[in-house]
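The next block holds one structure in the form of structure tokens; read it before the comments.
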Amino acid sequence: MSRIAYVNGRYVTHGDAVVHVEDRGYQFADGVYEVVLVHHGGLVDEEPHLDRLDRSLRELRIDQPMRRAPLRQVMREMIRRNRLGDGMVYIQATRGVARRDHPFPANTRPALVMTARRLGLPALAQTEEGVAVLTIPDIRWARCDIKSVSLLPNVLGKQRAREAGAYEAWQVTTDDFVTEGTSTNAWIVTPAGELVTRHPGNEILSGITRATMIALAAEQGISFVERPFTVAEAKGAREAFVTSATSFLTPVTQIDDVVIGNGKAGSLSVRLLDAYLAHAGSSGPSS
């Protein structure tokens, strides 16, 4: 079947989904987005994702394009029309269409688009083998906490990782602290067994999957701390992994040219991934 997109009030086939040439998201990256995991037809962590969407809009002073209740209805209709079992719903809101000029335009209606696509669960082999990450300088702007569509530094970093045969790039400050991946949050497990990820702030996007993982760790009595960690500490870690709505929890078994642990997914990483998949499975079909 043809994929269906939602564009400013209309459901259209994916190939016919278009926005105006003077949409400010296209010309200025003047917009925000969210990606929500769909598992067995249910939206995983839906409300936290929509809360973060609202926050991003407020931070950029963009009016909400749609109230929460009808937005949730459109998301469910996208799942239904695309016959989505496991996958993701992508939501993007921009300041709208206006004559090209840098200041905020007056009386502009925000634009809203939505797409959906299938996404498989992580393969067991990839989970066991883990992935490699590359460390790169963090060249992004100073408000990484906003889920803006302005992602060019992330794109460049992800491309560097791909060309190096790595899954992800971890971005690093000038004083050698890891902030996050180009599309994931970064985690380590210290030799003493403490779970560590960077504290929320303007330097990182506080991931929804990240927050869920923290809650799951607490439920299981896992020692946890939010603090910065250096590249050197990461390379000496017992385990490492990344999280996001589409990466779930993906174990990291190599950082640059250094093998982490025994080169296989660690026991704590696997334990948390199992807990997360159970959490995702509890979402149930959207209604």
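The way I read the labels, and the way they are meant: chains A, B, ... in the order of the structure tokens, residue 1 as the first residue of every chain, and ligand 1 as the first ligand shown, with later ones counted on from there.
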
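Excluding Leu50 in chain A itself and same-chain residues fewer than 2 positions from it, the residues having an atom within 10 Å of it are Glu34, Val35, Val36, Asp45, Glu46, Glu47, Pro48, Arg52, Leu53, Asp54, Arg55, Ser56, Arg68, Leu71, Arg72 and Ile91 of chain A, counting only C-alpha atoms.
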
Expected file contents, prior selection, N, CA and C atoms, as an mmCIF file, in the first residue's frame:
data_model
loop_
_atom_site.group_PDB
_atom_site.id
_atom_site.type_symbol
_atom_site.label_atom_id
_atom_site.label_comp_id
_atom_site.auth_asym_id
_atom_site.auth_seq_id
_atom_site.Cartn_x
_atom_site.Cartn_y
_atom_site.Cartn_z
ATOM 1 N N GLU A 34 9.310 15.846 16.583
ATOM 2 C CA GLU A 34 9.315 14.736 17.532
ATOM 3 C C GLU A 34 9.234 13.430 16.751
ATOM 4 N N VAL A 35 9.810 12.382 17.311
ATOM 5 C CA VAL A 35 9.718 11.035 16.761
ATOM 6 C C VAL A 35 9.179 10.134 17.863
ATOM 7 N N VAL A 36 8.047 9.481 17.611
ATOM 8 C CA VAL A 36 7.405 8.640 18.614
ATOM 9 C C VAL A 36 7.414 7.190 18.123
ATOM 10 N N ASP A 45 5.479 5.988 25.161
ATOM 11 C CA ASP A 45 5.824 7.243 25.846
ATOM 12 C C ASP A 45 5.218 8.448 25.122
ATOM 13 N N GLU A 46 3.981 8.308 24.703
ATOM 14 C CA GLU A 46 3.327 9.356 23.904
ATOM 15 C C GLU A 46 3.270 10.696 24.620
ATOM 16 N N GLU A 47 2.781 10.705 25.854
ATOM 17 C CA GLU A 47 2.595 11.980 26.544
ATOM 18 C C GLU A 47 3.909 12.710 26.797
ATOM 19 N N PRO A 48 4.978 12.035 27.253
ATOM 20 C CA PRO A 48 6.258 12.760 27.388
ATOM 21 C C PRO A 48 6.762 13.344 26.072
ATOM 22 N N ARG A 52 7.349 17.335 25.414
ATOM 23 C CA ARG A 52 8.593 17.916 24.909
ATOM 24 C C ARG A 52 8.339 18.731 23.641
ATOM 25 N N LEU A 53 7.423 18.270 22.793
ATOM 26 C CA LEU A 53 7.054 19.052 21.616
ATOM 27 C C LEU A 53 6.525 20.417 22.033
ATOM 28 N N ASP A 54 5.645 20.447 23.030
ATOM 29 C CA ASP A 54 5.107 21.717 23.524
ATOM 30 C C ASP A 54 6.228 22.613 24.042
ATOM 31 N N ARG A 55 7.175 22.034 24.772
ATOM 32 C CA ARG A 55 8.281 22.827 25.316
ATOM 33 C C ARG A 55 9.138 23.415 24.194
ATOM 34 N N SER A 56 9.462 22.607 23.187
ATOM 35 C CA SER A 56 10.267 23.103 22.073
ATOM 36 C C SER A 56 9.569 24.260 21.367
ATOM 37 N N ARG A 68 -3.759 19.339 21.944
ATOM 38 C CA ARG A 68 -3.277 17.993 22.261
ATOM 39 C C ARG A 68 -4.254 16.893 21.813
ATOM 40 N N LEU A 71 -4.386 16.386 18.042
ATOM 41 C CA LEU A 71 -3.075 15.911 17.602
ATOM 42 C C LEU A 71 -2.934 14.424 17.873
ATOM 43 N N ARG A 72 -3.358 13.996 19.030
ATOM 44 C CA ARG A 72 -3.308 12.563 19.360
ATOM 45 C C ARG A 72 -4.196 11.766 18.399
ATOM 46 N N ILE A 91 6.648 13.875 13.671
ATOM 47 C CA ILE A 91 5.833 15.089 13.743
ATOM 48 C C ILE A 91 6.758 16.286 13.557
#

Identify all residues of range 101-262 of chain A in strand (DSSP E or B) (DSSP on the backbone) and supply them as a count of residues only. 54

Would you pick out the contacts of Leu268 in chain A at 9 Å or less, using only C-alpha atoms, so that residues sharing its chain but fewer than 3 positions from it are not included, and give the list as a list of chain:residue names? A:Val189, A:Gly193, A:Leu195, A:Ile222, A:Glu239, A:Ala265, A:Arg271, A:Leu272, A:Leu273

Given only C-alpha atoms as the counted atoms, nearest of A:Glu77, A:Asp176, A:Asp257, A:Asp23 to Thr108 in chain A: A:Asp23

Nearest to Ala192 in chain A among A:Asn107, A:Thr135, A:Gln171, A:Ser223, with distances taken over only C-alpha atoms: which residue is it?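 Comparing A:Asn107, A:Thr135, A:Gln171, A:Ser223 against Ala192 in chain A, the winner is A:Ser223.
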
Figure out the distance between CA of Leu152 in chain A and CA of Tyr26 in chain A, please, to one decimal in Å.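 It comes out at 12.8 Å.
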
Spatial neighbours of Arg118 in chain A, 7 Å, only C-alpha atoms, chain gap at least 5 places, as a short mmCIF file (atom, residue, chain, number, x, y, z; two decimals) with N, CA, C and O atoms, in the first residue's frame:
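Result saved to out-v7.cif:
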data_model
loop_
_atom_site.label_atom_id
_atom_site.label_comp_id
_atom_site.auth_asym_id
_atom_site.auth_seq_id
_atom_site.Cartn_x
_atom_site.Cartn_y
_atom_site.Cartn_z
N LEU A 84 0.30 0.43 10.59
CA LEU A 84 1.58 0.36 11.27
C LEU A 84 1.48 -0.53 12.50
O LEU A 84 0.65 -0.30 13.38
N ASP A 86 4.84 -2.11 14.08
CA ASP A 86 6.04 -1.57 14.70
C ASP A 86 6.63 -0.51 13.77
O ASP A 86 6.83 -0.77 12.58
N GLY A 87 6.90 0.66 14.31
CA GLY A 87 7.43 1.72 13.46
C GLY A 87 7.58 3.01 14.23
O GLY A 87 7.82 3.02 15.44
N MET A 88 7.42 4.12 13.54
CA MET A 88 7.58 5.43 14.15
C MET A 88 6.66 6.44 13.48
O MET A 88 6.34 6.31 12.29
#

Residues flagged helix (DSSP H, G or I) by DSSP in range 172-239 of chain A, as a tab-separated table (two decimals) with N, CA and C atoms, in the first residue's frame:
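File written: states28.tsv
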chain	number	residue	atom	x	y	z
A	208	ILE	N	13.46	11.21	25.59
A	208	ILE	CA	12.33	10.56	26.25
A	208	ILE	C	12.70	9.12	26.60
A	209	THR	N	13.38	8.43	25.69
A	209	THR	CA	13.85	7.08	25.99
A	209	THR	C	14.86	7.12	27.12
A	210	ARG	N	15.69	8.16	27.15
A	210	ARG	CA	16.64	8.35	28.24
A	210	ARG	C	15.91	8.40	29.58
A	211	ALA	N	14.84	9.22	29.66
A	211	ALA	CA	14.09	9.34	30.90
A	211	ALA	C	13.45	8.02	31.30
A	212	THR	N	12.91	7.30	30.32
A	212	THR	CA	12.33	5.99	30.60
A	212	THR	C	13.39	5.03	31.14
A	213	MET	N	14.59	5.07	30.55
A	213	MET	CA	15.66	4.18	30.99
A	213	MET	C	16.06	4.49	32.43
A	214	ILE	N	16.09	5.77	32.79
A	214	ILE	CA	16.40	6.14	34.17
A	214	ILE	C	15.36	5.56	35.13
A	215	ALA	N	14.10	5.67	34.75
A	215	ALA	CA	13.03	5.13	35.59
A	215	ALA	C	13.14	3.61	35.72
A	216	LEU	N	13.44	2.93	34.62
A	216	LEU	CA	13.59	1.48	34.65
A	216	LEU	C	14.79	1.07	35.50
A	217	ALA	N	15.88	1.82	35.41
A	217	ALA	CA	17.06	1.52	36.24
A	217	ALA	C	16.71	1.66	37.72
A	218	ALA	N	15.97	2.70	38.06
A	218	ALA	CA	15.57	2.90	39.46
A	218	ALA	C	14.69	1.75	39.94
A	219	GLU	N	13.77	1.31	39.09
A	219	GLU	CA	12.89	0.20	39.46
A	219	GLU	C	13.69	-1.06	39.76
A	231	VAL	N	35.95	11.33	27.45
A	231	VAL	CA	36.22	10.28	26.47
A	231	VAL	C	37.09	9.20	27.11
A	232	ALA	N	38.10	9.61	27.88
A	232	ALA	CA	38.99	8.64	28.53
A	232	ALA	C	38.22	7.74	29.48
A	233	GLU	N	37.28	8.32	30.25
A	233	GLU	CA	36.48	7.50	31.16
A	233	GLU	C	35.60	6.52	30.38
A	234	ALA	N	35.04	7.00	29.27
A	234	ALA	CA	34.20	6.14	28.45
A	234	ALA	C	35.00	4.96	27.90
A	235	LYS	N	36.22	5.23	27.46
A	235	LYS	CA	37.04	4.15	26.89
A	235	LYS	C	37.48	3.16	27.95

For Thr179 in chain A, please output as a PyMOL selection string all residues within 12 Å (counting only C-alpha atoms; exclusion window: fewer than 5 positions along the same chain). chain A and resi 135-140+142+144-145+169-174+184-187+197-206+226-231+234+242

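Counting only C-alpha atoms and comparing A:Thr243, A:Thr13, A:Ala29, A:Asn262, the residue that lies closest to Tyr276 in chain A is A:Thr243.
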